[in-house]
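The data block below is query34.tsv; it holds TSV, C-alpha atoms.
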chain	number	residue	atom	x	y	z
A	1	MET	CA	-1.55	21.39	14.03
A	2	ASN	CA	1.81	22.44	12.74
A	3	PRO	CA	2.83	19.90	10.06
A	4	ALA	CA	6.47	20.53	10.93
A	5	ASN	CA	5.95	18.25	13.94
A	6	TYR	CA	5.85	15.29	11.56
A	7	LEU	CA	9.14	16.43	10.07
A	8	TYR	CA	10.68	16.67	13.55
A	9	LEU	CA	9.50	13.14	14.32
A	10	SER	CA	10.96	11.90	11.05
A	11	ALA	CA	14.30	13.60	11.88
A	12	ILE	CA	14.35	11.89	15.29
A	13	LEU	CA	13.63	8.47	13.78
A	14	PHE	CA	16.24	8.98	11.06
A	15	SER	CA	18.91	9.90	13.62
A	16	LEU	CA	18.03	6.89	15.79
A	17	GLY	CA	18.34	4.66	12.73
A	18	ALA	CA	21.71	6.19	11.92
A	19	VAL	CA	22.93	5.52	15.47
A	20	GLY	CA	21.80	1.91	15.12
A	21	VAL	CA	23.61	1.38	11.82
A	22	LEU	CA	26.81	2.75	13.31
A	23	VAL	CA	26.62	1.08	16.72
A	24	ARG	CA	25.06	-2.35	16.31
A	25	ARG	CA	27.21	-5.27	15.12
A	26	ASN	CA	24.53	-7.78	14.16
A	27	ALA	CA	23.94	-7.53	10.40
A	28	ILE	CA	20.20	-8.20	10.73
A	29	VAL	CA	19.72	-5.48	13.35
A	30	MET	CA	21.71	-3.09	11.16
A	31	PHE	CA	19.30	-3.93	8.37
A	32	MET	CA	16.36	-3.12	10.63
A	33	CYS	CA	17.94	0.26	11.36
A	34	VAL	CA	18.23	0.95	7.63
A	35	GLU	CA	14.53	0.11	7.34
A	36	LEU	CA	13.82	2.59	10.13
A	37	MET	CA	15.71	5.30	8.23
A	38	LEU	CA	13.72	4.53	5.07
A	39	ASN	CA	10.50	4.74	7.09
A	40	ALA	CA	11.54	8.11	8.48
A	41	CYS	CA	12.11	9.34	4.91
A	42	ASN	CA	8.67	8.03	3.95
A	43	LEU	CA	7.10	9.95	6.80
A	44	ALA	CA	8.85	13.10	5.63
A	45	PHE	CA	7.62	12.53	2.06
A	46	VAL	CA	4.02	12.02	3.17
A	47	SER	CA	4.06	15.12	5.34
A	48	PHE	CA	5.61	17.13	2.49
A	49	ALA	CA	2.75	15.94	0.30
A	50	ARG	CA	0.35	17.31	2.86
A	51	ILE	CA	2.24	20.59	3.27
A	52	ASN	CA	2.32	21.19	-0.49
A	53	GLY	CA	-1.16	19.85	-1.14
A	54	ASN	CA	-0.39	17.36	-3.91
A	55	LEU	CA	-0.09	13.60	-4.05
A	56	ASP	CA	3.37	13.33	-5.63
A	57	GLY	CA	5.04	12.89	-2.25
A	58	GLN	CA	2.82	9.93	-1.48
A	59	VAL	CA	3.69	8.33	-4.82
A	60	ILE	CA	7.40	8.77	-4.08
A	61	ALA	CA	6.88	7.17	-0.66
A	62	PHE	CA	5.15	4.29	-2.41
A	63	PHE	CA	8.17	3.80	-4.68
A	64	VAL	CA	10.51	3.97	-1.68
A	65	MET	CA	8.47	1.19	-0.11
A	66	VAL	CA	8.82	-0.99	-3.23
A	67	VAL	CA	12.57	-0.41	-3.44
A	68	ALA	CA	12.93	-1.14	0.30
A	69	ALA	CA	11.14	-4.46	-0.14
A	70	ALA	CA	13.47	-5.44	-3.00
A	71	GLU	CA	16.48	-4.33	-0.96
A	72	VAL	CA	15.42	-6.41	2.04
A	73	VAL	CA	15.03	-9.53	-0.09
A	74	VAL	CA	18.51	-9.25	-1.61
A	75	GLY	CA	20.16	-8.09	1.62
A	76	LEU	CA	18.76	-10.93	3.70
A	77	ALA	CA	19.84	-13.42	1.03
A	78	ILE	CA	23.38	-12.01	1.25
A	79	ILE	CA	23.30	-12.25	5.06
A	80	MET	CA	22.17	-15.88	4.79
A	81	THR	CA	25.02	-16.65	2.39
A	82	ILE	CA	27.58	-15.04	4.69
A	83	PHE	CA	26.10	-16.87	7.67
A	84	ARG	CA	26.42	-20.18	5.85
A	85	THR	CA	30.16	-19.81	5.36
A	86	ARG	CA	31.01	-17.97	8.60
A	87	ARG	CA	28.39	-19.36	11.02
A	88	SER	CA	27.91	-15.82	12.32
A	89	ALA	CA	25.76	-12.81	11.49
A	90	SER	CA	28.20	-10.32	12.97
A	91	VAL	CA	29.58	-7.74	10.57
A	92	ASP	CA	32.98	-7.90	12.24
A	93	GLU	CA	33.42	-11.46	11.02
A	94	ALA	CA	32.77	-10.62	7.38
A	95	ASN	CA	36.00	-8.74	6.78
A	96	LEU	CA	37.13	-10.90	3.88
A	97	LEU	CA	34.41	-11.07	1.27
A	98	LYS	CA	36.20	-13.58	-0.88
A	99	TYR	CA	36.53	-16.46	1.56
B	100	MET	CA	-0.80	23.28	30.27
B	101	SER	CA	-2.43	26.54	29.29
B	102	GLY	CA	0.00	26.77	26.38
B	103	LEU	CA	-1.03	23.30	25.24
B	104	ILE	CA	-4.71	24.23	25.41
B	105	ALA	CA	-4.03	27.44	23.55
B	106	SER	CA	-2.21	25.57	20.79
B	107	ILE	CA	-5.10	23.11	20.52
B	108	ASP	CA	-7.58	25.97	20.24
B	109	GLN	CA	-5.42	27.70	17.69
B	110	SER	CA	-5.17	24.70	15.38
B	111	GLY	CA	-8.70	23.56	15.98
B	112	ASN	CA	-7.78	19.94	15.20
B	113	THR	CA	-7.59	18.20	18.54
B	114	GLY	CA	-8.11	14.62	17.37
B	115	GLU	CA	-5.19	14.68	15.01
B	116	GLN	CA	-2.96	16.18	17.67
B	117	ILE	CA	-3.81	13.45	20.17
B	118	VAL	CA	-3.17	10.76	17.55
B	119	PHE	CA	0.11	12.41	16.60
B	120	TRP	CA	1.49	12.66	20.12
B	121	ILE	CA	0.52	9.10	21.08
B	122	CYS	CA	1.86	7.57	17.86
B	123	ALA	CA	5.02	9.69	17.89
B	124	LEU	CA	5.74	8.55	21.45
B	125	VAL	CA	5.16	4.90	20.56
B	126	ALA	CA	7.31	5.22	17.43
B	127	VAL	CA	10.24	6.79	19.29
B	128	ILE	CA	9.98	4.25	22.11
B	129	GLY	CA	10.00	1.45	19.53
B	130	ALA	CA	13.05	2.92	17.79
B	131	VAL	CA	14.97	3.35	21.05
B	132	GLY	CA	13.97	-0.15	22.17
B	133	MET	CA	15.25	-1.57	18.90
B	134	LEU	CA	18.54	0.22	19.49
B	135	VAL	CA	19.13	-0.97	23.03
B	136	SER	CA	17.72	-4.50	23.10
B	137	ARG	CA	20.47	-7.08	22.85
B	138	ARG	CA	18.39	-9.88	21.33
B	139	ALA	CA	17.62	-9.47	17.65
B	140	VAL	CA	14.07	-10.83	18.04
B	141	HIS	CA	13.23	-8.09	20.56
B	142	SER	CA	14.61	-5.55	18.09
B	143	ALA	CA	12.33	-6.95	15.39
B	144	LEU	CA	9.26	-6.69	17.61
B	145	PHE	CA	10.15	-3.13	18.63
B	146	ILE	CA	10.57	-1.97	15.05
B	147	ALA	CA	7.28	-3.64	14.09
B	148	THR	CA	5.65	-1.44	16.77
B	149	THR	CA	7.30	1.61	15.24
B	150	MET	CA	6.05	0.69	11.77
B	151	ILE	CA	2.48	0.18	12.93
B	152	SER	CA	2.40	3.57	14.63
B	153	LEU	CA	3.89	5.12	11.48
B	154	ALA	CA	1.02	3.54	9.51
B	155	VAL	CA	-1.46	5.25	11.85
B	156	LEU	CA	0.38	8.52	11.28
B	157	TYR	CA	0.10	8.06	7.50
B	158	VAL	CA	-3.64	7.60	7.80
B	159	SER	CA	-3.93	10.73	9.91
B	160	LEU	CA	-1.80	12.60	7.36
B	161	GLY	CA	-4.42	11.90	4.69
B	162	ALA	CA	-2.67	8.95	3.06
B	163	PRO	CA	-4.87	5.91	3.83
B	164	PHE	CA	-3.48	3.93	0.90
B	165	LEU	CA	0.08	4.29	2.14
B	166	GLY	CA	-1.00	3.46	5.68
B	167	MET	CA	-2.50	0.17	4.53
B	168	ALA	CA	0.50	-0.53	2.29
B	169	GLN	CA	2.77	0.16	5.27
B	170	ILE	CA	0.99	-2.45	7.37
B	171	VAL	CA	0.82	-5.03	4.58
B	172	VAL	CA	4.32	-4.53	3.17
B	173	TYR	CA	6.38	-3.62	6.21
B	174	THR	CA	4.83	-5.28	9.23
B	175	GLY	CA	3.35	-8.08	7.14
B	176	ALA	CA	6.01	-9.03	4.63
B	177	VAL	CA	9.31	-7.38	5.52
B	178	MET	CA	9.22	-8.03	9.26
B	179	MET	CA	8.11	-11.63	8.74
B	180	LEU	CA	11.05	-12.07	6.36
B	181	PHE	CA	13.32	-10.64	9.05
B	182	LEU	CA	11.93	-13.04	11.64
B	183	PHE	CA	12.33	-16.01	9.28
B	184	VAL	CA	15.98	-15.16	8.70
B	185	LEU	CA	16.47	-14.61	12.44
B	186	MET	CA	15.10	-18.07	13.14
B	187	LEU	CA	17.42	-19.56	10.51
B	188	VAL	CA	20.47	-17.69	11.75
B	189	GLY	CA	19.82	-18.54	15.38
B	190	VAL	CA	17.55	-16.68	17.71
B	191	ASP	CA	19.68	-16.88	20.80
B	192	SER	CA	22.75	-15.27	19.26
B	193	THR	CA	23.26	-12.20	21.40
B	194	GLU	CA	25.86	-9.89	19.97
B	195	SER	CA	29.03	-9.12	21.84
B	196	LEU	CA	29.39	-5.71	23.46
B	197	VAL	CA	33.13	-5.56	22.83
B	198	GLU	CA	34.08	-2.52	20.81
B	199	THR	CA	36.33	-3.39	17.90
B	200	LEU	CA	37.15	0.28	17.29
B	201	LYS	CA	37.93	2.20	20.43
B	202	GLY	CA	35.44	4.98	21.17
B	203	GLN	CA	33.39	4.19	18.09
B	204	ARG	CA	30.12	3.97	20.00
B	205	ILE	CA	30.50	7.40	21.61
B	206	ALA	CA	31.62	8.93	18.33
B	207	ALA	CA	28.66	7.41	16.47
B	208	ILE	CA	26.15	8.66	19.04
B	209	LEU	CA	27.68	12.15	19.05
B	210	LEU	CA	27.73	12.29	15.25
B	211	SER	CA	24.12	11.21	14.95
B	212	LEU	CA	23.10	13.67	17.66
B	213	GLY	CA	24.81	16.46	15.74
B	214	PHE	CA	23.12	15.29	12.56
B	215	GLY	CA	19.75	15.33	14.29
B	216	VAL	CA	20.35	18.84	15.63
B	217	LEU	CA	21.29	19.94	12.12
B	218	LEU	CA	18.07	18.47	10.72
B	219	PHE	CA	16.04	20.13	13.48
B	220	ALA	CA	17.61	23.50	12.76
B	221	ALA	CA	16.97	23.12	9.05
B	222	ILE	CA	13.33	22.18	9.57
B	223	GLY	CA	12.87	25.01	12.06
B	224	ASN	CA	14.34	27.47	9.57
B	225	VAL	CA	12.29	26.57	6.55
B	226	SER	CA	9.00	25.35	7.95
B	227	VAL	CA	6.01	27.55	7.40
B	228	ASN	CA	2.76	27.34	9.21
B	229	LEU	CA	0.52	27.78	6.21
B	230	ALA	CA	0.06	24.21	5.08
B	231	VAL	CA	-2.15	23.69	2.05
B	232	GLY	CA	-3.58	20.43	3.34
B	233	ILE	CA	-4.08	17.16	1.49
B	234	ASP	CA	-7.87	17.16	1.39
B	235	GLY	CA	-8.06	19.18	-1.81
B	236	ALA	CA	-5.60	16.94	-3.63
B	237	ASN	CA	-7.39	13.85	-2.38
B	238	ALA	CA	-10.74	15.12	-3.62
B	239	VAL	CA	-9.63	15.82	-7.21
B	240	ASP	CA	-9.99	12.23	-8.43
B	241	GLY	CA	-12.62	11.25	-5.92
B	242	GLY	CA	-10.36	9.73	-3.30
B	243	ASN	CA	-6.80	9.06	-2.12
B	244	VAL	CA	-6.46	5.68	-3.84
B	245	GLN	CA	-7.88	7.01	-7.10
B	246	GLY	CA	-5.56	10.00	-6.98
B	247	ILE	CA	-2.47	7.86	-6.39
B	248	ALA	CA	-3.54	5.44	-9.12
B	249	HIS	CA	-3.99	8.35	-11.52
B	250	LEU	CA	-0.47	9.58	-10.76
B	251	ILE	CA	1.19	6.14	-10.89
B	252	PHE	CA	-0.41	5.08	-14.17
B	253	ASP	CA	-0.06	8.45	-15.81
B	254	ARG	CA	2.82	10.67	-14.82
B	255	TYR	CA	4.96	8.01	-13.14
B	256	LEU	CA	4.18	5.17	-15.54
B	257	LEU	CA	7.79	4.74	-16.64
B	258	ALA	CA	9.05	4.61	-13.04
B	259	PHE	CA	6.33	2.08	-12.27
B	260	GLU	CA	7.43	-0.17	-15.13
B	261	VAL	CA	11.07	0.11	-14.08
B	262	THR	CA	9.97	-0.88	-10.58
B	263	SER	CA	8.58	-4.13	-11.93
B	264	ALA	CA	11.94	-4.87	-13.54
B	265	LEU	CA	13.61	-4.11	-10.20
B	266	LEU	CA	11.34	-6.52	-8.35
B	267	ILE	CA	11.99	-9.32	-10.86
B	268	THR	CA	15.73	-8.69	-10.60
B	269	ALA	CA	15.54	-8.77	-6.81
B	270	ALA	CA	13.63	-12.06	-6.82
B	271	LEU	CA	16.15	-13.60	-9.23
B	272	GLY	CA	19.05	-12.25	-7.19
B	273	ALA	CA	17.65	-13.67	-3.97
B	274	MET	CA	17.18	-17.07	-5.59
B	275	MET	CA	20.70	-17.00	-6.98
B	276	LEU	CA	22.26	-15.94	-3.68
B	277	ALA	CA	20.32	-18.43	-1.60
B	278	HIS	CA	21.04	-21.31	-3.97
B	279	ARG	CA	23.82	-23.58	-2.79
B	280	GLU	CA	25.86	-25.41	-5.37
B	281	ARG	CA	26.70	-29.00	-4.35
B	282	HIS	CA	30.36	-29.57	-5.22
B	283	THR	CA	30.59	-33.19	-4.09
B	284	PRO	CA	28.03	-35.92	-4.85
B	285	ARG	CA	25.69	-36.85	-2.04
B	286	LYS	CA	26.89	-39.79	0.07
B	287	THR	CA	25.06	-43.04	-0.56
B	288	GLN	CA	23.81	-45.26	2.23
B	289	ARG	CA	26.59	-47.74	1.51
B	290	GLU	CA	29.30	-45.07	1.86
B	291	GLN	CA	27.75	-43.82	5.08
B	292	SER	CA	27.79	-47.29	6.64
B	293	GLN	CA	31.39	-47.84	5.48
B	294	ASP	CA	32.42	-44.53	7.06
B	295	ARG	CA	30.73	-45.56	10.27
B	296	VAL	CA	32.62	-48.86	10.50
B	297	ARG	CA	35.91	-47.13	9.68
B	298	SER	CA	35.33	-44.52	12.39
B	299	GLY	CA	36.04	-47.23	15.00
B	300	GLU	CA	32.68	-46.91	16.71
B	301	PRO	CA	30.03	-48.58	14.59
B	302	GLN	CA	27.63	-49.21	17.46
B	303	ASN	CA	25.00	-46.85	18.78
B	304	LEU	CA	25.79	-44.39	21.52
B	305	PRO	CA	24.99	-45.75	24.99
B	306	GLY	CA	21.45	-45.25	26.21
B	307	PRO	CA	20.63	-43.18	29.28
B	308	GLY	CA	21.27	-44.66	32.70
B	309	VAL	CA	18.38	-46.42	34.43
B	310	TYR	CA	18.70	-46.52	38.21
B	311	ALA	CA	16.42	-47.23	41.10
B	312	LEU	CA	15.95	-43.55	41.79
B	313	HIS	CA	16.65	-41.91	38.42
B	314	ASN	CA	15.75	-42.94	34.92
B	315	ALA	CA	15.57	-39.55	33.30
B	316	VAL	CA	17.15	-39.11	29.89
B	317	GLY	CA	19.60	-36.68	31.45
B	318	THR	CA	21.10	-39.30	33.76
B	319	PRO	CA	24.47	-40.54	32.53
B	320	ALA	CA	24.85	-44.27	31.97
B	321	LEU	CA	27.51	-46.32	33.71
B	322	LEU	CA	30.25	-47.89	31.65
B	323	PRO	CA	31.26	-51.50	32.48
B	324	ASP	CA	33.98	-50.21	34.76
B	325	GLY	CA	31.47	-48.24	36.81
B	326	GLN	CA	32.39	-44.80	35.48
B	327	PRO	CA	29.51	-42.55	34.37
B	328	THR	CA	29.76	-41.53	30.72
B	329	ASP	CA	28.64	-38.25	29.26
B	330	ARG	CA	28.09	-39.70	25.80
B	331	SER	CA	24.77	-41.27	26.83
B	332	VAL	CA	23.29	-37.84	27.48
B	333	PRO	CA	21.84	-35.83	24.57
B	334	GLU	CA	23.94	-32.82	23.66
B	335	PRO	CA	21.59	-30.04	24.92
B	336	LEU	CA	21.24	-31.73	28.31
B	337	ARG	CA	24.93	-32.25	29.03
B	338	GLY	CA	25.42	-29.19	31.17
B	339	VAL	CA	22.25	-29.98	33.12
B	340	SER	CA	23.10	-33.63	33.72
B	341	ALA	CA	26.43	-32.70	35.27
B	342	ALA	CA	24.49	-31.01	38.04
B	343	VAL	CA	22.23	-34.06	38.57
B	344	GLY	CA	25.15	-36.46	38.63
B	345	VAL	CA	24.99	-40.10	39.60
B	346	ASP	CA	24.28	-41.30	43.06
B	347	HIS	CA	27.44	-42.75	44.52
B	348	GLN	CA	25.43	-45.60	46.03
B	349	ASP	CA	24.30	-46.63	42.53
B	350	THR	CA	27.90	-46.91	41.42
B	351	LEU	CA	28.74	-49.04	44.44
B	352	ARG	CA	25.81	-51.35	43.81
B	353	VAL	CA	26.74	-51.82	40.16
B	354	ASN	CA	30.30	-52.59	41.19
B	355	THR	CA	29.08	-55.15	43.71
B	356	LEU	CA	26.92	-56.81	41.08
B	357	ALA	CA	29.76	-56.85	38.58
B	358	ALA	CA	32.01	-58.56	41.13
B	359	GLY	CA	29.47	-61.38	41.48
B	360	GLY	CA	28.05	-60.31	44.83
B	361	ALA	CA	24.43	-59.79	45.80
B	362	ILE	CA	23.06	-56.43	46.82
B	363	ILE	CA	20.18	-57.81	48.90
B	364	PRO	CA	21.28	-60.55	51.28
B	365	VAL	CA	19.48	-63.85	50.63
B	366	THR	CA	17.37	-65.02	53.60
B	367	GLN	CA	16.19	-68.47	54.63
B	368	GLU	CA	12.54	-67.72	53.81
B	369	ASP	CA	13.26	-67.04	50.17
B	370	GLU	CA	14.89	-70.42	49.75
B	371	SER	CA	12.06	-72.46	51.23

Reformat the file's structure so that it appears as structure tokens.
Amino acid sequence: MNPANYLYLSAILFSLGAVGVLVRRNAIVMFMCVELMLNACNLAFVSFARINGNLDGQVIAFFVMVVAAAEVVVGLAIIMTIFRTRRSASVDEANLLKY
Amino acid sequence: MSGLIASIDQSGNTGEQIVFWICALVAVIGAVGMLVSRRAVHSALFIATTMISLAVLYVSLGAPFLGMAQIVVYTGAVMMLFLFVLMLVGVDSTESLVETLKGQRIAAILLSLGFGVLLFAAIGNVSVNLAVGIDGANAVDGGNVQGIAHLIFDRYLLAFEVTSALLITAALGAMMLAHRERHTPRKTQREQSQDRVRSGEPQNLPGPGVYALHNAVGTPALLPDGQPTDRSVPEPLRGVSAAVGVDHQDTLRVNTLAAGGAIIPVTQEDES
């Protein structure tokens, strides 16, 4: 089948993730949308690897996965810290980072 | 329908096409469900569905190692971390639908739609039908995992080492951010009891009311003056107990008893 179909799917998922980051107010759901965008990029990398016939794309996707895991750990810790002081996970509440 | 059959015949790879269309549908449904569900837990479950179907797509794209890593890392570790934090932050916190910026939602959807159309046009422009295929690259080192290992520990060794530094930094950062510094010393038992006496109400809260017809924990107790008190009801049950209420007859009987009267009239037979 045409490998471009995978790229179309990845474009759809990326756009949906972008909508979520812009529209949702809950910080955790925004984080999930970022994860969705990263996953869409991974899908594009893996299908590029197949289109070009070498494994480099898969290795890059592997590194993206590692970086995403590190990012989730730090991001969720930040959300927990903000929640502790503000009692809310809404991004509208966190408009003053200092207090 | 005939076009679909023709395209299947042309590619000659029916199984992969079926897997692609099913998994693509599930992935998009999961992404849309994550967008529209108001509860964060539902969003987490939807995106886990999306990630699992993406893992199936990786396997069908000739990347079994990445497919397994996707399931282990994303649905196993990352989504569980998300759910843990959701449980800590409060599962039932539904977000408000009030727009803080006027028209932001419409603008965001339109922008992302335009972005998607742009991506589609770009892919449609550059994509070529002659794909090399991954099977040759997979076969060079004897398998997909061996090939990826060869690349990671040879050409991308430096990036791999830097990744380990990144992971250590992330773990340290998470520990530092989640650590809470205690600015005041912990209260001793003696100080706690002193605070309690000073608060003016050293005794326990009143227990639940016990009546002839109700003795549930949600029934408010009667104060000495016959008034029901809300403080005897546990906090989560307060709204519920208001609906149950206290039987007016019970209040009357308690008042009669308090005034020294008898509820059941004493008969001659009881005395003998």

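Taking CA of Met178 (chain B) as the reference point, CA of Leu43 (chain A) is found at 18.3 Å.
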
CA of Asn39 (chain A) to CA of Ile146 (chain B): how many Å, to one decimal?
->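 It comes out at 10.4 Å.
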
| task | Can you pull out every residue within 8 Å of region 162-172 of chain B, counting only C-alpha atoms, but drop anything in the same chain fewer than 2 positions away, and send it as a ChimeraX atom specification? | result | /A:46,58,61-62,65,69 /B:150-151,153-160,174-177,243-244

Check: When the cut-off is 6 Å and we count only C-alpha atoms, which residues of chain A are near chain B, given as number ranges by chain?
Finding: A: 1, 15, 19-20, 22-23, 50-54, 70, 74, 77

| task | In Å, rounded to a single decimal, give me how far CA of Gln245 (chain B) is from CA of Glu35 (chain A). | result |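 We find that CA of Glu35 (chain A) and CA of Gln245 (chain B) lie 27.5 Å from each other.
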
Using all atoms listed in the file, collect all residues at a distance of at most 9 Å from (19.3, -8.1, 9.9) as written in the file, then present them as a PyMOL selection string.
(chain A and resi 26-33+72+75-76+79+89) or (chain B and resi 139+143+181+184-185)

Start from the incomplete input, build N, CA and C atoms for region 62-74 of chain A, and deliver everything as an mmCIF file, in the frame of the given file.
data_model
loop_
_atom_site.group_PDB
_atom_site.id
_atom_site.type_symbol
_atom_site.label_atom_id
_atom_site.label_comp_id
_atom_site.auth_asym_id
_atom_site.auth_seq_id
_atom_site.Cartn_x
_atom_site.Cartn_y
_atom_site.Cartn_z
ATOM 1 N N PHE A 62 5.533 5.613 -1.927
ATOM 2 C CA PHE A 62 5.150 4.290 -2.410
ATOM 3 C C PHE A 62 6.313 3.612 -3.128
ATOM 4 N N PHE A 63 7.021 4.383 -3.978
ATOM 5 C CA PHE A 63 8.170 3.800 -4.680
ATOM 6 C C PHE A 63 9.285 3.443 -3.712
ATOM 7 N N VAL A 64 9.493 4.284 -2.689
ATOM 8 C CA VAL A 64 10.510 3.970 -1.680
ATOM 9 C C VAL A 64 10.179 2.642 -1.008
ATOM 10 N N MET A 65 8.886 2.432 -0.737
ATOM 11 C CA MET A 65 8.470 1.190 -0.110
ATOM 12 C C MET A 65 8.812 -0.012 -0.984
ATOM 13 N N VAL A 66 8.535 0.120 -2.305
ATOM 14 C CA VAL A 66 8.820 -0.990 -3.230
ATOM 15 C C VAL A 66 10.311 -1.283 -3.254
ATOM 16 N N VAL A 67 11.121 -0.208 -3.366
ATOM 17 C CA VAL A 67 12.570 -0.410 -3.440
ATOM 18 C C VAL A 67 13.076 -1.013 -2.133
ATOM 19 N N ALA A 68 12.498 -0.590 -0.990
ATOM 20 C CA ALA A 68 12.930 -1.140 0.300
ATOM 21 C C ALA A 68 12.627 -2.625 0.366
ATOM 22 N N ALA A 69 11.465 -3.036 -0.168
ATOM 23 C CA ALA A 69 11.140 -4.460 -0.140
ATOM 24 C C ALA A 69 12.147 -5.253 -0.962
ATOM 25 N N ALA A 70 12.486 -4.751 -2.156
ATOM 26 C CA ALA A 70 13.470 -5.440 -3.000
ATOM 27 C C ALA A 70 14.817 -5.511 -2.297
ATOM 28 N N GLU A 71 15.188 -4.398 -1.638
ATOM 29 C CA GLU A 71 16.480 -4.330 -0.960
ATOM 30 C C GLU A 71 16.544 -5.337 0.176
ATOM 31 N N VAL A 72 15.436 -5.472 0.923
ATOM 32 C CA VAL A 72 15.420 -6.410 2.040
ATOM 33 C C VAL A 72 15.600 -7.840 1.546
ATOM 34 N N VAL A 73 14.932 -8.164 0.421
ATOM 35 C CA VAL A 73 15.030 -9.530 -0.090
ATOM 36 C C VAL A 73 16.482 -9.859 -0.432
ATOM 37 N N VAL A 74 17.137 -8.967 -1.189
ATOM 38 C CA VAL A 74 18.510 -9.250 -1.610
ATOM 39 C C VAL A 74 19.459 -9.211 -0.408
#
